[in-house]
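Text of entry.pdb (PDB, C-alpha atoms, pLDDT in the B column) as supplied:
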```
MODEL        1
ATOM      1  CA  MET L   1     -31.839  78.413 -10.232  1.00 48.00           C
ATOM      2  CA  ARG L   2     -32.327  74.785 -11.302  1.00 49.00           C
ATOM      3  CA  THR L   3     -28.734  74.039 -10.334  1.00 41.00           C
ATOM      4  CA  ILE L   4     -29.280  75.418  -6.834  1.00 40.00           C
ATOM      5  CA  PHE L   5     -32.546  73.514  -6.488  1.00 36.00           C
ATOM      6  CA  THR L   6     -30.905  70.294  -7.693  1.00 37.00           C
ATOM      7  CA  LEU L   7     -28.008  70.811  -5.287  1.00 35.00           C
ATOM      8  CA  LEU L   8     -30.370  71.428  -2.363  1.00 36.00           C
ATOM      9  CA  LEU L   9     -32.417  68.374  -3.294  1.00 37.00           C
ATOM     10  CA  PHE L  10     -29.254  66.244  -3.483  1.00 42.00           C
ATOM     11  CA  LEU L  11     -28.014  67.511  -0.117  1.00 38.00           C
ATOM     12  CA  THR L  12     -31.383  66.808   1.483  1.00 42.00           C
ATOM     13  CA  PHE L  13     -31.422  63.208   0.243  1.00 40.00           C
ATOM     14  CA  ALA L  14     -27.739  62.705   1.046  1.00 38.00           C
ATOM     15  CA  SER L  15     -28.135  63.928   4.630  1.00 37.00           C
ATOM     16  CA  THR L  16     -31.254  61.800   5.085  1.00 37.00           C
ATOM     17  CA  SER L  17     -29.388  58.781   3.751  1.00 40.00           C
ATOM     18  CA  ILE L  18     -26.429  59.427   6.070  1.00 41.00           C
ATOM     19  CA  ALA L  19     -28.742  59.814   9.064  1.00 43.00           C
ATOM     20  CA  GLN L  20     -30.480  56.541   8.202  1.00 47.00           C
ATOM     21  CA  THR L  21     -27.105  54.822   7.839  1.00 58.00           C
ATOM     22  CA  ASP L  22     -26.014  56.143  11.227  1.00 89.00           C
ATOM     23  CA  ASP L  23     -29.314  55.030  12.765  1.00 96.00           C
ATOM     24  CA  TYR L  24     -28.850  51.581  11.257  1.00 97.00           C
ATOM     25  CA  SER L  25     -25.269  51.336  12.534  1.00 97.00           C
ATOM     26  CA  GLU L  26     -26.289  52.428  16.010  1.00 97.00           C
ATOM     27  CA  ALA L  27     -29.155  49.936  16.052  1.00 98.00           C
ATOM     28  CA  VAL L  28     -26.815  47.087  15.060  1.00 98.00           C
ATOM     29  CA  LYS L  29     -24.254  48.172  17.658  1.00 98.00           C
ATOM     30  CA  LYS L  30     -26.978  48.087  20.302  1.00 98.00           C
ATOM     31  CA  CYS L  31     -28.023  44.654  19.057  1.00 97.00           C
ATOM     32  CA  ILE L  32     -24.528  43.151  19.188  1.00 98.00           C
ATOM     33  CA  GLN L  33     -24.013  44.659  22.626  1.00 97.00           C
ATOM     34  CA  SER L  34     -27.276  43.134  23.865  1.00 95.00           C
ATOM     35  CA  ASN L  35     -26.731  39.698  22.340  1.00 94.00           C
ATOM     36  CA  GLY L  36     -23.253  39.318  23.828  1.00 94.00           C
ATOM     37  CA  THR L  37     -21.249  39.523  20.623  1.00 96.00           C
ATOM     38  CA  MET L  38     -19.176  42.487  21.772  1.00 97.00           C
ATOM     39  CA  ALA L  39     -18.556  41.004  25.232  1.00 96.00           C
ATOM     40  CA  TYR L  40     -17.326  37.815  23.564  1.00 96.00           C
ATOM     41  CA  TYR L  41     -14.823  39.719  21.414  1.00 97.00           C
ATOM     42  CA  GLU L  42     -13.700  41.862  24.343  1.00 97.00           C
ATOM     43  CA  ASN L  43     -12.772  38.580  26.050  1.00 97.00           C
ATOM     44  CA  VAL L  44     -11.008  37.472  22.861  1.00 96.00           C
ATOM     45  CA  MET L  45      -8.905  40.644  23.001  1.00 96.00           C
ATOM     46  CA  ASP L  46      -8.093  40.137  26.677  1.00 96.00           C
ATOM     47  CA  ASP L  47      -7.036  36.557  25.941  1.00 96.00           C
ATOM     48  CA  MET L  48      -4.873  37.789  23.058  1.00 96.00           C
ATOM     49  CA  TYR L  49      -3.115  40.284  25.347  1.00 96.00           C
ATOM     50  CA  ASP L  50      -2.497  37.515  27.897  1.00 96.00           C
ATOM     51  CA  MET L  51      -1.111  35.252  25.172  1.00 96.00           C
ATOM     52  CA  LEU L  52       1.171  38.007  23.890  1.00 96.00           C
ATOM     53  CA  LYS L  53       2.477  38.669  27.389  1.00 95.00           C
ATOM     54  CA  VAL L  54       3.516  35.021  27.540  1.00 95.00           C
ATOM     55  CA  GLN L  55       5.062  35.170  24.068  1.00 94.00           C
ATOM     56  CA  PHE L  56       7.037  38.284  25.019  1.00 95.00           C
ATOM     57  CA  THR L  57       8.113  37.060  28.473  1.00 94.00           C
ATOM     58  CA  ASP L  58      11.796  36.947  27.463  1.00 94.00           C
ATOM     59  CA  GLU L  59      11.581  40.575  26.306  1.00 93.00           C
ATOM     60  CA  ASN L  60      10.633  41.829  29.803  1.00 94.00           C
ATOM     61  CA  VAL L  61       8.053  44.252  28.436  1.00 96.00           C
ATOM     62  CA  PRO L  62       7.164  46.664  31.252  1.00 96.00           C
ATOM     63  CA  ASP L  63       3.570  46.949  32.481  1.00 95.00           C
ATOM     64  CA  THR L  64       3.496  50.564  31.294  1.00 96.00           C
ATOM     65  CA  VAL L  65       4.021  49.383  27.718  1.00 96.00           C
ATOM     66  CA  TRP L  66       1.284  46.758  28.065  1.00 96.00           C
ATOM     67  CA  THR L  67      -1.041  49.428  29.442  1.00 96.00           C
ATOM     68  CA  GLU L  68      -0.289  51.609  26.422  1.00 95.00           C
ATOM     69  CA  VAL L  69      -0.753  48.712  24.000  1.00 96.00           C
ATOM     70  CA  LYS L  70      -4.106  47.830  25.571  1.00 96.00           C
ATOM     71  CA  LYS L  71      -5.393  51.325  24.874  1.00 96.00           C
ATOM     72  CA  GLY L  72      -5.863  50.131  21.291  1.00 95.00           C
ATOM     73  CA  LYS L  73      -8.680  47.853  22.434  1.00 97.00           C
ATOM     74  CA  THR L  74     -11.313  50.597  22.171  1.00 96.00           C
ATOM     75  CA  THR L  75     -10.403  51.381  18.577  1.00 96.00           C
ATOM     76  CA  ALA L  76     -10.229  47.694  17.683  1.00 97.00           C
ATOM     77  CA  MET L  77     -13.677  47.093  19.145  1.00 97.00           C
ATOM     78  CA  LYS L  78     -15.121  50.031  17.192  1.00 97.00           C
ATOM     79  CA  GLU L  79     -13.604  48.646  13.990  1.00 97.00           C
ATOM     80  CA  LEU L  80     -15.064  45.227  14.724  1.00 97.00           C
ATOM     81  CA  ALA L  81     -18.502  46.703  15.352  1.00 98.00           C
ATOM     82  CA  GLN L  82     -18.370  48.486  11.994  1.00 97.00           C
ATOM     83  CA  MET L  83     -17.404  45.249  10.255  1.00 97.00           C
ATOM     84  CA  ILE L  84     -20.328  43.474  11.900  1.00 98.00           C
ATOM     85  CA  VAL L  85     -22.675  46.272  10.815  1.00 98.00           C
ATOM     86  CA  SER L  86     -21.728  45.500   7.211  1.00 96.00           C
ATOM     87  CA  ALA L  87     -22.571  41.816   7.733  1.00 96.00           C
ATOM     88  CA  TYR L  88     -25.953  42.693   9.243  1.00 97.00           C
ATOM     89  CA  ARG L  89     -26.651  45.105   6.401  1.00 97.00           C
ATOM     90  CA  GLY L  90     -26.405  42.229   3.951  1.00 94.00           C
ATOM     91  CA  HIS L  91     -28.994  40.201   5.850  1.00 96.00           C
ATOM     92  CA  PHE L  92     -31.340  42.431   7.810  1.00 97.00           C
ATOM     93  CA  THR L  93     -33.318  45.631   7.318  1.00 97.00           C
ATOM     94  CA  HIS L  94     -33.298  48.441   9.843  1.00 98.00           C
ATOM     95  CA  GLN L  95     -36.726  47.287  11.005  1.00 98.00           C
ATOM     96  CA  ASP L  96     -35.394  43.758  11.510  1.00 98.00           C
ATOM     97  CA  VAL L  97     -32.623  45.096  13.736  1.00 98.00           C
ATOM     98  CA  LYS L  98     -35.132  47.208  15.666  1.00 98.00           C
ATOM     99  CA  ASN L  99     -37.247  44.073  16.152  1.00 98.00           C
ATOM    100  CA  MET L 100     -34.195  42.203  17.442  1.00 98.00           C
ATOM    101  CA  ASN L 101     -33.415  45.027  19.850  1.00 98.00           C
ATOM    102  CA  THR L 102     -36.984  44.957  21.142  1.00 97.00           C
ATOM    103  CA  LEU L 103     -36.700  41.222  21.736  1.00 97.00           C
ATOM    104  CA  TYR L 104     -33.266  41.509  23.396  1.00 95.00           C
ATOM    105  CA  ALA L 105     -34.562  44.226  25.746  1.00 95.00           C
ATOM    106  CA  SER L 106     -37.419  41.995  26.911  1.00 94.00           C
ATOM    107  CA  LYS L 107     -37.266  39.583  29.836  1.00 93.00           C
ATOM    108  CA  ALA L 108     -37.382  36.626  27.432  1.00 94.00           C
ATOM    109  CA  GLY L 109     -34.678  38.120  25.228  1.00 93.00           C
ATOM    110  CA  LYS L 110     -32.368  38.726  28.170  1.00 92.00           C
ATOM    111  CA  ALA L 111     -33.019  35.235  29.499  1.00 92.00           C
ATOM    112  CA  MET L 112     -32.102  33.566  26.215  1.00 91.00           C
ATOM    113  CA  PHE L 113     -28.491  34.735  26.600  1.00 89.00           C
ATOM    114  CA  LYS L 114     -28.093  33.508  30.165  1.00 87.00           C
ATOM    115  CA  ASN L 115     -27.032  30.044  31.187  1.00 75.00           C
ATOM    116  CA  GLU L 116     -30.259  29.357  32.987  1.00 78.00           C
ATOM    117  CA  ALA L 117     -33.460  27.621  32.008  1.00 84.00           C
ATOM    118  CA  LEU L 118     -36.083  29.657  30.188  1.00 90.00           C
ATOM    119  CA  SER L 119     -39.518  29.924  31.736  1.00 93.00           C
ATOM    120  CA  GLU L 120     -42.467  28.537  29.781  1.00 94.00           C
ATOM    121  CA  GLY L 121     -43.617  32.114  29.147  1.00 94.00           C
ATOM    122  CA  ASP L 122     -40.174  33.066  27.804  1.00 94.00           C
ATOM    123  CA  LYS L 123     -40.218  30.044  25.501  1.00 94.00           C
ATOM    124  CA  ILE L 124     -43.607  31.082  24.122  1.00 95.00           C
ATOM    125  CA  ILE L 125     -42.421  34.650  23.485  1.00 95.00           C
ATOM    126  CA  LEU L 126     -39.254  33.428  21.769  1.00 95.00           C
ATOM    127  CA  ASN L 127     -41.169  30.941  19.638  1.00 96.00           C
ATOM    128  CA  GLN L 128     -43.604  33.683  18.607  1.00 97.00           C
ATOM    129  CA  PHE L 129     -40.686  35.946  17.680  1.00 97.00           C
ATOM    130  CA  TYR L 130     -39.051  33.268  15.530  1.00 96.00           C
ATOM    131  CA  GLU L 131     -42.342  32.829  13.668  1.00 97.00           C
ATOM    132  CA  THR L 132     -42.238  36.499  12.584  1.00 97.00           C
ATOM    133  CA  GLU L 133     -40.644  37.683   9.350  1.00 97.00           C
ATOM    134  CA  THR L 134     -37.582  38.902  11.273  1.00 97.00           C
ATOM    135  CA  GLY L 135     -37.329  35.631  13.179  1.00 97.00           C
ATOM    136  CA  GLN L 136     -37.530  33.676   9.948  1.00 97.00           C
ATOM    137  CA  LYS L 137     -34.773  35.842   8.449  1.00 97.00           C
ATOM    138  CA  ILE L 138     -32.576  35.091  11.446  1.00 97.00           C
ATOM    139  CA  LEU L 139     -33.194  31.364  11.135  1.00 96.00           C
ATOM    140  CA  GLY L 140     -32.778  31.394   7.364  1.00 97.00           C
ATOM    141  CA  SER L 141     -29.550  33.373   7.417  1.00 96.00           C
ATOM    142  CA  GLN L 142     -27.744  31.492  10.185  1.00 96.00           C
ATOM    143  CA  ASP L 143     -25.304  29.684   7.894  1.00 96.00           C
ATOM    144  CA  SER L 144     -24.565  32.795   5.886  1.00 96.00           C
ATOM    145  CA  MET L 145     -24.227  34.989   8.987  1.00 96.00           C
ATOM    146  CA  ASN L 146     -21.983  32.416  10.661  1.00 96.00           C
ATOM    147  CA  ALA L 147     -19.759  32.378   7.574  1.00 96.00           C
ATOM    148  CA  SER L 148     -19.672  36.195   7.509  1.00 96.00           C
ATOM    149  CA  MET L 149     -18.917  36.410  11.219  1.00 96.00           C
ATOM    150  CA  SER L 150     -16.201  33.784  10.917  1.00 96.00           C
ATOM    151  CA  LYS L 151     -14.522  35.725   8.114  1.00 97.00           C
ATOM    152  CA  ILE L 152     -14.868  39.007  10.020  1.00 97.00           C
ATOM    153  CA  ALA L 153     -13.366  37.427  13.150  1.00 96.00           C
ATOM    154  CA  GLU L 154     -10.467  36.021  11.152  1.00 96.00           C
ATOM    155  CA  ILE L 155      -9.651  39.309   9.427  1.00 97.00           C
ATOM    156  CA  TRP L 156     -10.179  41.428  12.521  1.00 96.00           C
ATOM    157  CA  SER L 157      -8.194  39.266  14.942  1.00 95.00           C
ATOM    158  CA  SER L 158      -5.344  38.936  12.474  1.00 96.00           C
ATOM    159  CA  ASP L 159      -5.222  42.717  11.958  1.00 96.00           C
ATOM    160  CA  VAL L 160      -5.341  43.385  15.703  1.00 96.00           C
ATOM    161  CA  TYR L 161      -2.628  40.816  16.435  1.00 96.00           C
ATOM    162  CA  ARG L 162      -0.323  42.191  13.707  1.00 96.00           C
ATOM    163  CA  GLY L 163      -0.971  45.731  14.941  1.00 95.00           C
ATOM    164  CA  VAL L 164       0.023  44.875  18.508  1.00 96.00           C
ATOM    165  CA  ILE L 165       3.128  43.008  17.315  1.00 96.00           C
ATOM    166  CA  ALA L 166       4.090  46.019  15.187  1.00 96.00           C
ATOM    167  CA  GLN L 167       3.481  48.390  18.088  1.00 96.00           C
ATOM    168  CA  LEU L 168       5.697  46.308  20.369  1.00 96.00           C
ATOM    169  CA  SER L 169       8.331  46.011  17.648  1.00 96.00           C
ATOM    170  CA  ASP L 170       8.340  49.792  17.207  1.00 96.00           C
ATOM    171  CA  LYS L 171       9.144  50.032  20.911  1.00 94.00           C
ATOM    172  CA  GLY L 172      12.065  47.599  20.506  1.00 95.00           C
ATOM    173  CA  TYR L 173      10.377  44.404  21.712  1.00 95.00           C
ATOM    174  CA  ASN L 174      10.549  41.482  19.294  1.00 93.00           C
ATOM    175  CA  LEU L 175       9.601  37.820  19.338  1.00 86.00           C
TER     176      LEU L 175
ENDMDL
END
```
Could I get this file's structure written as C-alpha cells?
Amino acid sequence: MRTIFTLLLFLTFASTSIAQTDDYSEAVKKCIQSNGTMAYYENVMDDMYDMLKVQFTDENVPDTVWTEVKKGKTTAMKELAQMIVSAYRGHFTHQDVKNMNTLYASKAGKAMFKNEALSEGDKIILNQFYETETGQKILGSQDSMNASMSKIAEIWSSDVYRGVIAQLSDKGYNL
C-alpha cells in the first residue's frame, strides 16, 4: 500500500513539474516571439539559404531541392527556441517571464521594439517596469544573457549550416 501511495505521490509531483516546465517554455517562446528574437533568427536563416544558393551556384541545385531543404527551417527554429528557453531558465523565474510578456503585450512594450520614437507615457511605463524586480533582473543580467545568446547563436547556426550542407551532399550536391 505504501509503495502504491509513494508511486502516486511521485507521479503527481512529476506531472505537476512537467506541466510547469511546459508552461515556462511556452511563456519564454511567447516572450521571444514578442520581443523580435525569433523574427531576427528567421531572417538569419533566410540569409543563410540565400548565401548557400550562391555558394552552390555551380552545382545547379534545382528549386525543388531548395524548397525541400528550406522545410528544415521550422525544426531549426523550434530547436533554437528550446535553446533560448534554457538560457532564460538560468536567469529568470516563470513570474519574471510572465511580467515580460505583460510588458511586451502593452502599447509601451510594443512601441519599444519599433523604430519610432516612444511617447512620454510609454517612457514612463518602461521606466517603471525597469524599476521592478523583473526589470532589475533584466538590466543586471544583460552581459550574461548576451554571452549566452551569442553562444547559442554560434552553436545553432553552425549546426543548421552543417545540416543543410549534409542534406545537399546526400542529394549529390557538393561545394
> What is the atom CA of Ile124 of chain L to atom CA of Asn101 of chain L distance in Å?
Replying inline: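 Atom-to-atom, atom CA of Ile124 of chain L to atom CA of Asn101 of chain L, that is 17.8 Å.
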> Skipping near chain neighbours, those fewer than 5 positions away, what residues fall within 10 Å of Met77 of chain L using all atoms listed in the file, listed as a list in words?
Replying inline: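 My list of contacting residues is Met38, Ala39, Tyr41, Glu42, Met45, Gly72, Gln82, Met83, Trp156 and Val160 of chain L.
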Please produce a file of the residues just selected, as an mmCIF file, in the coordinates of the input, where the atoms kept are C-alpha atoms.
```cif
data_model
loop_
_atom_site.group_PDB
_atom_site.id
_atom_site.type_symbol
_atom_site.label_atom_id
_atom_site.label_comp_id
_atom_site.auth_asym_id
_atom_site.auth_seq_id
_atom_site.Cartn_x
_atom_site.Cartn_y
_atom_site.Cartn_z
ATOM 1 C CA MET L 38 -19.176 42.487 21.772
ATOM 2 C CA ALA L 39 -18.556 41.004 25.232
ATOM 3 C CA TYR L 41 -14.823 39.719 21.414
ATOM 4 C CA GLU L 42 -13.700 41.862 24.343
ATOM 5 C CA MET L 45 -8.905 40.644 23.001
ATOM 6 C CA GLY L 72 -5.863 50.131 21.291
ATOM 7 C CA GLN L 82 -18.370 48.486 11.994
ATOM 8 C CA MET L 83 -17.404 45.249 10.255
ATOM 9 C CA TRP L 156 -10.179 41.428 12.521
ATOM 10 C CA VAL L 160 -5.341 43.385 15.703
#
```
>> Here is a test: counting all atoms listed in the file, which residue of L:Ala108, L:Trp66, L:Lys137, L:Ile84 is nearest to Glu120 of chain L?
In response: L:Ala108
> Can you tell me, as a PyMOL selection string, what residues are no more than 6 Å from His94 of chain L when counting only C-alpha atoms, ignoring any on the same chain fewer than 2 positions away?
Replying inline: chain L and resi 24+96-97
> At what distance in Å, to one decimal, does atom CA of Ser86 of chain L lie from atom CA of Phe129 of chain L?
Replying inline: 23.7 Å
>> Can you tell me which residues surround segment 171-174 of chain L at a distance of at most 8 Å, considering all atoms listed in the file, apart from same-chain residues fewer than 3 positions away, and format the answer as a PyMOL selection string?
In response: chain L and resi 56+59+61+165+167-168
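Those residues returned by the PyMOL selection byres ((chain L and resi 95) around 12) for this file are Gln20, Asp23, Tyr24, Ala27, Val28, Tyr88, Arg89, His91, Phe92, Thr93, His94, Asp96, Val97, Lys98, Asn99, Met100, Asn101, Thr102, Glu133, Thr134, Gly135 and Lys137 of chain L.
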